[in-house]
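Structure file final_2.cif (mmCIF, C-alpha atoms and all ligand atoms) follows.
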```cif
data_structure
loop_
_atom_site.label_atom_id
_atom_site.label_comp_id
_atom_site.auth_asym_id
_atom_site.auth_seq_id
_atom_site.Cartn_x
_atom_site.Cartn_y
_atom_site.Cartn_z
CA MET A 1474 6.87 92.45 132.99
CA LEU A 1475 5.25 93.10 136.36
CA SER A 1476 7.44 90.45 138.00
CA LEU A 1477 10.57 91.98 136.40
CA MET A 1478 9.64 95.39 137.82
CA SER A 1479 9.10 93.94 141.28
CA ASP A 1480 12.48 92.17 141.07
CA VAL A 1481 14.14 95.48 140.21
CA LEU A 1482 12.28 97.19 143.04
CA ILE A 1483 13.41 94.54 145.53
CA ALA A 1484 16.98 94.74 144.25
CA CYS A 1485 17.01 98.51 144.86
CA LEU A 1486 15.08 98.46 148.12
CA LEU A 1487 17.06 95.72 149.85
CA PRO A 1488 20.37 97.63 150.01
CA ALA A 1489 18.49 100.78 151.05
CA MET A 1490 16.79 98.89 153.89
CA LEU A 1491 20.11 97.41 154.97
CA LEU A 1492 21.60 100.89 155.01
CA TYR A 1493 18.67 102.19 157.04
CA LEU A 1494 19.09 99.39 159.57
CA GLY A 1495 22.79 100.14 159.72
CA VAL A 1496 22.14 103.81 160.45
CA ARG A 1497 19.65 102.90 163.18
CA LEU A 1498 22.15 100.52 164.73
CA SER A 1499 24.85 103.14 164.53
CA LEU A 1500 22.97 105.15 167.09
CA PHE A 1501 23.91 102.40 169.51
CA ASP A 1502 27.30 101.24 168.30
CA LYS A 1503 29.58 102.95 165.79
CA GLU A 1504 31.68 99.80 165.30
CA ILE A 1505 28.63 97.76 164.30
CA PHE A 1506 27.62 100.47 161.87
CA TYR A 1507 31.13 100.61 160.38
CA SER A 1508 31.25 96.83 160.00
CA ILE A 1509 27.80 96.73 158.32
CA TRP A 1510 28.77 99.60 156.04
CA THR A 1511 32.08 98.02 154.92
CA ASP A 1512 30.39 94.64 154.38
CA PHE A 1513 27.72 96.40 152.33
CA LEU A 1514 30.36 98.11 150.17
CA SER A 1515 32.27 94.86 149.75
CA LEU A 1516 29.17 93.34 148.12
CA PHE A 1517 29.88 95.62 145.20
CA ARG A 1518 33.67 95.41 145.27
CA HIS A 1519 34.28 91.65 145.35
CA SER A 1520 31.91 89.66 143.29
CA GLY A 1521 34.33 86.65 143.13
CA LYS A 1522 33.33 83.26 144.48
CA HIS A 1523 36.03 83.07 147.13
CA ASN A 1524 38.64 85.24 148.67
CA SER A 1525 41.34 84.11 146.30
CA SER A 1526 44.63 85.86 145.83
CA ILE A 1527 45.16 88.59 143.28
CA TYR A 1528 47.94 86.36 142.05
CA ASN A 1529 45.49 84.95 139.53
CA ALA A 1530 45.79 87.41 136.65
CA PRO A 1531 49.43 88.55 136.80
CA PHE A 1532 50.60 85.03 137.64
CA SER A 1533 48.32 83.23 135.20
CA ALA A 1534 49.62 80.63 132.77
CA GLN A 1535 48.92 83.03 129.92
CA THR A 1536 50.83 85.98 131.36
CA SER A 1537 53.78 83.87 132.45
CA LEU A 1538 53.97 82.07 129.11
CA ALA A 1539 54.02 85.46 127.37
CA ALA A 1540 56.72 86.66 129.75
CA TYR A 1541 58.93 83.58 129.25
CA SER A 1542 58.49 83.96 125.48
CA ARG A 1543 59.69 87.53 125.71
CA TYR A 1544 62.51 87.19 128.23
CA ARG A 1545 65.14 87.72 125.51
CA SER A 1546 63.51 90.75 123.89
CA LEU A 1547 62.62 92.40 127.21
CA SER A 1548 66.15 91.83 128.54
CA LEU A 1549 67.70 93.20 125.35
CA GLU A 1550 65.48 96.28 125.58
CA GLU A 1551 66.75 96.81 129.11
CA LEU A 1552 70.32 96.34 127.91
CA SER A 1553 69.76 98.98 125.19
CA ARG A 1554 68.72 101.42 127.91
CA MET A 1555 71.91 100.59 129.83
CA ARG A 1556 74.00 101.17 126.70
CA ALA A 1557 72.21 104.49 126.07
CA SER A 1558 72.95 105.59 129.64
CA TYR A 1559 76.61 104.72 129.23
CA ILE A 1560 76.85 106.54 125.92
CA SER A 1561 75.35 109.66 127.52
CA ILE A 1562 78.16 110.17 130.07
CA GLY A 1563 80.49 112.21 127.85
CA ARG A 1564 83.67 111.41 125.91
CA THR A 1565 86.28 111.60 128.72
CA HIS A 1566 84.24 109.45 131.09
CA LYS A 1567 83.46 107.04 128.27
CA ARG A 1568 87.19 106.62 127.72
CA ILE A 1569 87.69 105.76 131.40
CA GLY A 1570 84.68 103.44 131.13
CA TYR A 1571 86.30 101.79 128.14
CA GLU A 1572 89.60 101.39 130.02
CA ILE A 1573 87.89 99.64 132.97
CA GLY A 1574 86.05 97.36 130.52
CA TYR A 1575 82.51 98.70 130.96
CA PRO A 1576 81.41 98.28 127.29
CA ARG A 1577 82.78 94.73 127.38
CA LYS A 1578 80.61 94.12 130.47
CA LEU A 1579 77.55 95.27 128.53
CA ASP A 1580 78.52 92.95 125.66
CA ARG A 1581 78.95 90.11 128.13
CA LEU A 1582 75.42 90.70 129.41
CA ALA A 1583 74.15 90.37 125.83
CA GLU A 1584 75.87 86.96 125.61
CA ILE A 1585 74.40 85.89 128.95
CA ILE A 1586 70.91 86.89 127.90
CA GLU A 1587 71.34 84.41 125.05
CA VAL A 1588 72.41 81.64 127.46
CA ASN A 1589 69.50 82.29 129.84
CA SER A 1590 67.14 82.49 126.86
CA LYS A 1591 67.90 78.87 126.06
CA ILE A 1592 66.11 78.02 129.28
CA THR A 1593 63.29 80.55 129.06
CA ASP A 1594 62.58 79.62 125.41
CA GLN A 1595 62.36 75.96 126.36
CA VAL A 1596 60.12 76.74 129.31
CA ALA A 1597 57.84 78.76 127.01
CA ALA A 1598 57.82 76.05 124.31
CA LEU A 1599 56.97 73.39 126.89
CA MET A 1600 54.19 75.55 128.36
CA LYS A 1601 52.77 76.02 124.87
CA ARG A 1602 52.92 72.28 124.17
CA ARG A 1603 51.32 71.39 127.49
CA HIS A 1604 48.53 73.85 127.04
CA SER A 1605 48.10 73.53 123.27
CA LYS A 1606 44.87 71.57 123.62
CA GLU A 1607 43.45 74.15 125.96
CA VAL A 1608 44.51 77.02 123.71
CA SER A 1609 42.59 75.52 120.82
CA THR A 1610 39.30 75.19 122.74
CA THR A 1611 37.52 78.24 124.04
CA ALA A 1612 35.93 76.46 127.01
CA SER A 1613 39.19 75.32 128.51
CA THR A 1614 41.12 78.48 127.63
CA SER A 1615 38.94 80.39 130.01
CA ARG A 1616 39.65 77.75 132.66
CA LEU A 1617 43.41 78.10 132.35
CA GLY A 1618 43.39 81.79 131.55
CA LEU A 1619 44.97 81.14 128.18
CA GLY A 1620 42.70 83.36 126.12
CA SER A 1621 44.97 84.93 123.53
CA PRO A 1622 48.34 83.89 122.06
CA PRO A 1623 51.42 84.83 124.15
CA ASN A 1624 52.67 87.48 121.74
CA GLU A 1625 49.34 89.32 122.13
CA THR A 1626 49.27 89.08 125.90
CA SER A 1627 50.55 92.19 127.59
CA VAL A 1628 53.48 91.74 129.94
CA ASP A 1629 54.29 94.59 132.26
CA SER A 1630 57.48 95.78 133.93
CA ARG A 1631 57.04 93.22 136.73
CA SER A 1632 57.16 90.24 134.35
CA LEU A 1633 60.91 90.32 133.86
CA PRO A 1634 61.74 90.32 137.61
CA ARG A 1635 59.37 87.36 138.01
CA ILE A 1636 61.26 85.36 135.37
CA ARG A 1637 64.56 86.26 137.04
CA GLU A 1638 63.12 85.17 140.37
CA ALA A 1639 62.26 81.80 138.80
CA LEU A 1640 65.82 81.52 137.44
CA LYS A 1641 67.15 82.14 140.96
CA HIS A 1642 64.81 79.45 142.25
CA PHE A 1643 66.51 76.93 139.94
CA VAL A 1644 69.63 77.67 141.97
CA ARG A 1645 68.01 77.75 145.43
CA ASP A 1646 65.89 74.65 144.86
CA TRP A 1647 67.77 72.50 142.38
CA SER A 1648 71.52 73.18 142.45
CA ASN A 1649 74.45 72.39 144.70
CA ALA A 1650 74.87 76.12 145.24
CA GLY A 1651 71.50 76.13 147.02
CA VAL A 1652 72.30 73.31 149.46
CA SER A 1653 73.29 75.48 152.43
CA GLU A 1654 70.27 77.77 152.09
CA ARG A 1655 67.93 74.82 151.65
CA SER A 1656 69.23 72.75 154.53
CA VAL A 1657 68.65 75.53 157.11
CA ILE A 1658 64.95 75.75 156.27
CA PHE A 1659 64.19 72.21 155.13
CA GLU A 1660 65.80 70.33 158.04
CA PRO A 1661 63.42 71.50 160.81
CA ILE A 1662 60.43 70.70 158.61
CA LEU A 1663 61.73 67.27 157.59
CA ALA A 1664 62.65 66.51 161.22
CA ALA A 1665 59.09 67.27 162.38
CA LEU A 1666 57.65 65.00 159.66
CA SER A 1667 60.17 62.25 160.42
CA VAL A 1668 58.55 61.70 163.83
CA GLN A 1669 56.00 59.72 161.78
CA SER A 1670 57.01 56.04 161.64
CA VAL A 1671 58.62 55.03 158.35
CA SER A 1672 56.23 52.12 157.84
CA SER A 1673 53.12 54.35 157.98
CA ARG A 1674 54.36 57.18 155.80
CA SER A 1675 53.07 55.91 152.47
CA GLU A 1676 49.52 56.11 153.88
CA LYS A 1677 49.98 59.71 154.97
CA ARG A 1678 48.98 62.53 152.68
CA VAL A 1679 50.95 65.76 152.80
CA LEU A 1680 49.89 69.00 151.11
CA VAL A 1681 52.46 71.72 150.35
CA PRO A 1682 50.58 74.88 149.32
CA GLY A 1683 52.61 77.57 147.53
CA SER A 1684 55.22 74.97 146.60
CA GLY A 1685 57.23 77.21 144.26
CA LEU A 1686 59.76 75.14 142.33
CA GLY A 1687 58.88 72.09 144.37
CA ARG A 1688 62.10 71.02 146.09
CA LEU A 1689 60.64 70.85 149.60
CA ALA A 1690 57.66 68.82 148.34
CA TYR A 1691 60.09 66.54 146.52
CA GLU A 1692 62.19 66.03 149.67
CA ILE A 1693 59.07 65.19 151.71
CA SER A 1694 58.09 62.60 149.07
CA GLN A 1695 61.60 61.13 149.39
CA LEU A 1696 60.83 60.46 153.08
CA GLY A 1697 58.09 58.12 151.85
CA PHE A 1698 54.98 60.33 152.13
CA ASP A 1699 52.34 60.86 149.47
CA VAL A 1700 52.78 64.55 148.66
CA THR A 1701 50.69 67.04 146.75
CA ALA A 1702 52.47 70.26 145.84
CA CYS A 1703 50.08 73.10 144.99
CA GLU A 1704 51.29 76.19 143.16
CA LEU A 1705 49.35 79.04 141.64
CA SER A 1706 52.01 80.92 139.71
CA GLY A 1707 52.48 80.08 136.05
CA TYR A 1708 56.08 81.35 136.39
CA MET A 1709 56.82 78.66 138.98
CA ASN A 1710 54.79 75.91 137.34
CA GLY A 1711 56.37 76.56 133.94
CA ALA A 1712 59.85 76.34 135.45
CA PHE A 1713 59.03 73.24 137.52
CA HIS A 1714 57.61 71.38 134.51
CA PHE A 1715 60.83 72.20 132.65
CA LEU A 1716 62.58 69.99 135.24
CA LEU A 1717 59.86 67.37 135.48
CA ASP A 1718 59.49 66.74 131.76
CA PRO A 1719 61.89 64.19 130.21
CA GLY A 1720 61.65 66.17 126.96
CA THR A 1721 63.43 69.13 128.57
CA THR A 1722 65.41 67.62 131.46
CA ARG A 1723 67.00 64.19 131.23
CA THR A 1724 70.19 64.32 133.30
CA VAL A 1725 71.69 66.06 136.30
CA TYR A 1726 73.51 69.34 135.65
CA GLN A 1727 72.16 69.42 132.11
CA HIS A 1728 71.31 73.13 132.26
CA GLU A 1729 73.28 76.30 132.84
CA VAL A 1730 71.92 79.59 134.12
CA HIS A 1731 73.46 82.96 134.96
CA PRO A 1732 71.12 83.85 137.81
CA TYR A 1733 72.76 87.05 139.09
CA ALA A 1734 73.66 88.77 135.83
CA HIS A 1735 70.69 91.14 135.81
CA TRP A 1736 71.26 92.79 139.18
CA TRP A 1737 74.45 94.87 139.12
CA SER A 1738 74.32 96.16 142.68
CA HIS A 1739 76.43 94.62 145.48
CA SER A 1740 78.87 92.87 143.11
CA ARG A 1741 82.56 92.64 143.91
CA THR A 1742 83.69 91.54 140.45
CA ALA A 1743 82.22 90.97 137.01
CA THR A 1744 83.25 87.34 137.38
CA ASP A 1745 80.96 87.03 140.42
CA LEU A 1746 78.19 88.88 138.66
CA PHE A 1747 78.27 86.77 135.53
CA ARG A 1748 79.06 83.39 137.03
CA SER A 1749 76.90 80.49 135.96
CA VAL A 1750 75.34 77.71 137.96
CA ARG A 1751 74.56 74.26 136.64
CA PHE A 1752 71.35 72.47 137.58
CA PRO A 1753 69.51 70.27 138.50
CA ASP A 1754 71.45 68.35 141.13
CA ILE A 1755 68.63 65.76 141.03
CA VAL A 1756 66.15 65.09 138.24
CA PRO A 1757 62.66 65.17 139.77
CA ARG A 1758 59.66 63.30 138.38
CA LEU A 1759 55.99 63.21 139.34
CA ALA A 1760 54.32 59.99 140.47
CA GLU A 1761 51.58 58.39 138.38
CA ASP A 1762 48.02 59.14 139.50
CA GLY A 1763 47.10 56.81 142.34
CA GLN A 1764 50.76 56.02 143.16
CA VAL A 1765 52.50 57.24 146.30
CA GLY A 1766 55.01 59.99 145.54
CA LEU A 1767 55.05 63.59 144.36
CA HIS A 1768 51.97 65.11 142.71
CA LEU A 1769 51.38 68.64 141.48
CA LYS A 1770 48.16 70.63 141.48
CA GLU A 1771 48.43 73.83 139.50
CA GLY A 1772 46.07 76.45 140.85
CA ASP A 1773 44.83 78.27 143.89
CA PHE A 1774 45.05 76.25 147.09
CA LEU A 1775 42.02 78.16 148.41
CA THR A 1776 39.93 76.22 145.87
CA LEU A 1777 41.24 72.76 146.86
CA ASP A 1778 38.94 70.10 148.30
CA VAL A 1779 39.90 67.41 150.77
CA PRO A 1780 41.35 64.42 148.88
CA LYS A 1781 38.83 61.88 147.63
CA SER A 1782 38.02 58.95 149.92
CA SER A 1783 39.58 60.61 152.97
CA ASP A 1784 38.62 63.09 155.65
CA GLY A 1785 41.54 65.39 154.89
CA TYR A 1786 45.32 65.68 154.64
CA ASP A 1787 47.42 64.26 157.47
CA PHE A 1788 49.96 67.08 157.16
CA ILE A 1789 50.03 70.51 155.57
CA VAL A 1790 53.45 72.12 155.20
CA THR A 1791 53.85 75.82 154.47
CA LEU A 1792 57.23 77.40 153.79
CA PHE A 1793 57.48 81.15 153.10
CA PHE A 1794 53.81 80.93 152.22
CA ILE A 1795 51.19 82.18 154.67
CA ASP A 1796 52.34 85.80 154.33
CA THR A 1797 51.53 85.76 150.60
CA SER A 1798 47.85 85.55 151.59
CA VAL A 1799 45.40 88.21 150.58
CA ASN A 1800 43.49 87.31 153.72
CA ILE A 1801 45.50 85.35 156.27
CA ILE A 1802 42.35 84.35 158.15
CA SER A 1803 40.96 82.64 155.01
CA THR A 1804 44.32 80.88 154.56
CA LEU A 1805 44.36 79.56 158.13
CA GLU A 1806 40.72 78.49 157.87
CA LYS A 1807 41.50 76.67 154.63
CA ILE A 1808 44.52 74.89 156.12
CA HIS A 1809 42.28 73.86 159.02
CA ALA A 1810 39.48 72.68 156.69
CA LEU A 1811 41.85 70.63 154.52
CA LEU A 1812 43.43 68.82 157.48
CA LYS A 1813 41.83 65.70 158.90
CA PRO A 1814 40.81 65.86 162.59
CA GLY A 1815 44.03 65.83 164.62
CA GLY A 1816 46.04 66.59 161.46
CA THR A 1817 49.30 68.52 161.66
CA TRP A 1818 50.31 71.85 160.15
CA VAL A 1819 54.06 72.58 159.91
CA ASN A 1820 55.02 76.16 159.09
CA LEU A 1821 58.20 78.13 158.56
CA GLY A 1822 58.31 81.75 157.47
CA PRO A 1823 58.98 85.35 158.43
CA LEU A 1824 55.56 87.08 158.03
CA LEU A 1825 56.70 89.27 155.14
CA TRP A 1826 53.32 90.64 154.11
CA CYS A 1827 52.75 91.73 150.54
CA SER A 1828 51.87 95.19 151.72
CA GLY A 1829 49.74 97.79 150.02
CA ALA A 1830 46.51 96.62 148.47
CA GLN A 1831 47.46 92.96 148.29
CA ALA A 1832 47.41 91.77 151.89
CA ARG A 1833 44.16 92.92 153.45
CA LEU A 1834 45.46 92.01 156.89
CA GLU A 1835 49.06 92.35 158.02
CA LEU A 1836 49.27 90.61 161.39
CA THR A 1837 51.98 90.33 164.00
CA LEU A 1838 53.09 86.87 165.05
CA GLU A 1839 51.13 87.31 168.28
CA GLU A 1840 47.99 88.11 166.26
CA VAL A 1841 48.57 85.11 163.98
CA PHE A 1842 48.67 82.87 167.07
CA LYS A 1843 45.40 84.40 168.28
CA VAL A 1844 43.78 83.73 164.90
CA MET A 1845 45.11 80.16 165.07
CA ASP A 1846 43.39 79.75 168.46
CA ALA A 1847 40.17 81.13 167.01
CA VAL A 1848 40.31 78.91 163.94
CA GLY A 1849 41.01 75.78 166.00
CA PHE A 1850 44.74 75.04 166.08
CA SER A 1851 46.83 74.10 169.08
CA LEU A 1852 50.53 74.90 168.96
CA ALA A 1853 52.73 71.85 169.64
CA GLY A 1854 54.87 72.52 172.72
CA GLY A 1855 52.83 75.62 173.60
CA ARG A 1856 53.66 79.20 172.56
CA ASP A 1857 56.85 79.33 174.60
CA GLY A 1858 57.86 75.72 173.89
CA SER A 1859 57.63 74.81 177.58
CA ASP A 1860 55.38 71.76 177.09
CA ASP A 1861 57.74 68.84 177.64
CA ASP A 1862 55.38 66.24 176.20
CA GLU A 1863 56.54 67.21 172.72
CA PRO A 1864 59.92 66.27 171.21
CA ASP A 1865 62.17 69.30 170.66
CA CYS A 1866 61.84 69.07 166.88
CA MET A 1867 58.11 69.87 167.21
CA LYS A 1868 58.58 72.97 169.33
CA ARG A 1869 58.28 76.51 168.11
CA CYS A 1870 61.60 78.25 167.40
CA SER A 1871 63.14 81.09 165.46
CA ILE A 1872 65.40 80.23 162.50
CA PRO A 1873 67.81 82.72 160.89
CA CYS A 1874 67.62 82.05 157.16
CA GLU A 1875 67.91 83.52 153.68
CA TYR A 1876 65.87 83.32 150.49
CA THR A 1877 67.46 82.99 147.02
CA ARG A 1878 70.58 84.83 148.15
CA ASP A 1879 73.69 85.57 146.09
CA GLU A 1880 76.41 84.26 148.40
CA LYS A 1881 79.10 86.37 146.71
CA ALA A 1882 77.23 89.67 146.94
CA MET A 1883 78.00 92.55 149.31
CA MET A 1884 74.52 92.22 150.75
CA ARG A 1885 72.76 89.75 153.01
CA TRP A 1886 69.14 89.75 153.97
CA ILE A 1887 68.59 87.49 156.93
CA TYR A 1888 65.15 86.57 158.17
CA GLU A 1889 64.44 85.42 161.70
CA ALA A 1890 61.79 83.04 160.44
CA GLU A 1891 59.40 81.36 162.86
CA PHE A 1892 58.98 77.63 162.81
CA TRP A 1893 56.00 75.94 164.41
CA VAL A 1894 53.96 72.79 164.39
CA ALA A 1895 50.23 73.03 165.11
CA ARG A 1896 47.46 70.47 165.34
CA LYS A 1897 43.88 70.71 164.23
CA VAL A 1898 41.83 70.61 167.40
C1 LIG B 1 57.36 83.22 148.69
S1 LIG B 1 56.96 81.94 147.61
C2 LIG B 1 57.58 80.50 148.43
C3 LIG B 1 57.65 79.31 147.53
C4 LIG B 1 58.16 78.03 148.22
N1 LIG B 1 57.36 77.65 149.35
C5 LIG B 1 59.59 78.20 148.60
O1 LIG B 1 59.89 78.34 149.78
O2 LIG B 1 60.42 78.23 147.70
C6 LIG B 1 55.23 81.78 147.84
C7 LIG B 1 54.59 80.94 146.76
O3 LIG B 1 53.21 80.74 147.06
C8 LIG B 1 52.50 80.80 145.84
N2 LIG B 1 51.09 81.11 146.18
C9 LIG B 1 50.62 82.27 146.73
N3 LIG B 1 49.29 82.17 146.93
C10 LIG B 1 48.93 80.93 146.53
C11 LIG B 1 47.69 80.22 146.51
N4 LIG B 1 46.57 80.81 146.93
N5 LIG B 1 47.67 78.97 146.02
C12 LIG B 1 48.82 78.37 145.59
N6 LIG B 1 50.02 78.99 145.58
C13 LIG B 1 50.08 80.25 146.04
C14 LIG B 1 53.20 81.89 145.06
O4 LIG B 1 52.93 81.80 143.68
C15 LIG B 1 54.66 81.60 145.38
O5 LIG B 1 55.23 80.71 144.47
#
```
Once more with this new file: its structure as structure tokens, please.
Ligand SMILES: C[S@@+](CC[C@H](N)C(=O)[O-])C[C@H]1O[C@@H](n2cnc3c(N)ncnc32)[C@H](O)[C@@H]1O
Amino acid sequence: MLSLMSDVLIACLLPAMLLYLGVRLSLFDKEIFYSIWTDFLSLFRHSGKHNSSIYNAPFSAQTSLAAYSRYRSLSLEELSRMRASYISIGRTHKRIGYEIGYPRKLDRLAEIIEVNSKITDQVAALMKRRHSKEVSTTASTSRLGLGSPPNETSVDSRSLPRIREALKHFVRDWSNAGVSERSVIFEPILAALSVQSVSSRSEKRVLVPGSGLGRLAYEISQLGFDVTACELSGYMNGAFHFLLDPGTTRTVYQHEVHPYAHWWSHSRTATDLFRSVRFPDIVPRLAEDGQVGLHLKEGDFLTLDVPKSSDGYDFIVTLFFIDTSVNIISTLEKIHALLKPGGTWVNLGPLLWCSGAQARLELTLEEVFKVMDAVGFSLAGGRDGSDDDEPDCMKRCSIPCEYTRDEKAMMRWIYEAEFWVARKV
């Protein structure tokens, strides 16, 4: 009893003493006091083991499975709201609407929801099958975040856009329609990796954190490297497994999706809006454990360890990834820690921070380079690319590119993404 009381006393006194010390220090330096105070508060705010991303809950296997299961019903609810809006415009306007075919357009959307549901239902069924063991055992459900059945898991208004984003990724990553977008961003990365001699590639391990639907990781494996794709989001992993599993995808162009049907802005014609795209242009498969090829780790890359029996990855490749970090410094430190000494980091992206509460730091490119210096990276070719010892394909450059665009839309969003290669010092 006495020892319990003294424990409680210590637990209360320790923070108070820290605070007192902080106040005393503040007399000398306000910045030190502020830093101590915010660290002290963060003890209470973040009890988690590591500075992971807040992706975990909303992007968990459980939430995404529930969302895929409810794509049809959520989309039909949205369509009902669109019908109600149309009905509310008054008789004369409704007649004009009828003459230009607006009700038919709403009916067409209902048909398209059915077509897209064939995919989302299969993704959900596959996710359920893959995780069925885990769902039946409490211990592993907590590991995968699959606590309650999908129909009891709440999905919020952001779930539907996330499914639609995954549908657009089928097009960007795995269809002919995505070739032009892919080649602009993949080619510089593949060129930098291709400097490695062909004969040595199978011994080189490449990690692709935030691999999305996996096409870049697949292409790197096709160059002959041993590649580990790592993806946290259940939305992406569910969709990728749909392609990887012979039970759901056997042949090229087996599937059809209407990726643009849910976003009615910027469309020139209903034909453009409702067009379908067939996929996949290639059927991807994972390599067996221990074999060279493509591997997938589902989870947070911040929790990864260096591969067994090695001192780290030879290459880490990040594409549209580092700006999804909650804490970019942790991400850069992790990339550094996972690389072997002298290992190479290849990056391409536009620093589009998830602003608001998500990204705790939103750095400029210049600041990112300073953090890279501090963490222990050296930029191949130097910051201005003037170092002639490096081949051109390793030098920093700016690449205009797009991300899951609709090429027929009256809107283009072009990034000036930065490409760089850096080495672990
Ligand atoms: C903008 S997307 C880019 C995906 C892919 N690189 C591409 O270009 O298609 C960023 C991806 O990183 C994933 N991601 C974010 N934080 C992650 C983490 N800590 N571990 C693994 N994946 C993560 C997200 O789920 C998302 O799929």
Q: Mind checking which residues fall within 8 Å of region 1840-1856 of chain A, counting only C-alpha atoms, ignoring those fewer than 5 positions away in the same chain, and posting them as a ChimeraX atom specification?
A: /A:1802,1805-1806,1809,1861-1863,1867-1869,1893-1898
Q: For each of A:Asp1865, A:Glu1875, A:Glu1889, A:Asp1787, take the minimum atom-to-atom distance to ligand LIG 1 (chain B), counting all atoms listed in the file, then give the residue where this is smallest.
A: A:Glu1875
Q: May I have the residues within 12 Å of region 1769-1772 of chain A as JSON, numbers by chain, using only C-alpha atoms and disregarding those fewer than 3 positions away in the same chain?
A: {"A": [1525, 1526, 1528, 1529, 1530, 1532, 1533, 1534, 1616, 1617, 1618, 1679, 1680, 1681, 1682, 1683, 1684, 1685, 1686, 1687, 1688, 1690, 1691, 1694, 1699, 1700, 1701, 1702, 1703, 1704, 1705, 1706, 1707, 1708, 1709, 1710, 1711, 1713, 1714, 1717, 1757, 1758, 1759, 1760, 1761, 1762, 1766, 1775, 1776, 1777, 1778, 1780]}
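Proximity ranking of A:Ile1592, A:Ile1808, A:Leu1663, A:Ile1801 relative to Cys1827 (chain A) places A:Ile1801 first, based on all atoms listed in the file.
Minimum distance to ligand LIG 1 (chain B) across A:Arg1631, A:His1642, A:Arg1556, A:Lys1601 (counting only C-alpha atoms and all ligand atoms) occurs at A:His1642.
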So that all listed atoms of region 1741-1755 of chain A fit with 4 Å spare on each side, what axis-aligned box centre and edge lengths in Å, to one decimal, would you give as AutoDock Vina command-line options?
```
--center_x 76.2 --center_y 79.2 --center_z 139.7 --size_x 23.1 --size_y 34.9 --size_z 16.4
```
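Using only C-alpha atoms and all ligand atoms for every distance, the candidate list A:Gly1815, A:Pro1823, A:Pro1719, A:Gly1570 yields A:Pro1823 as the residue closest to ligand LIG 1 (chain B).
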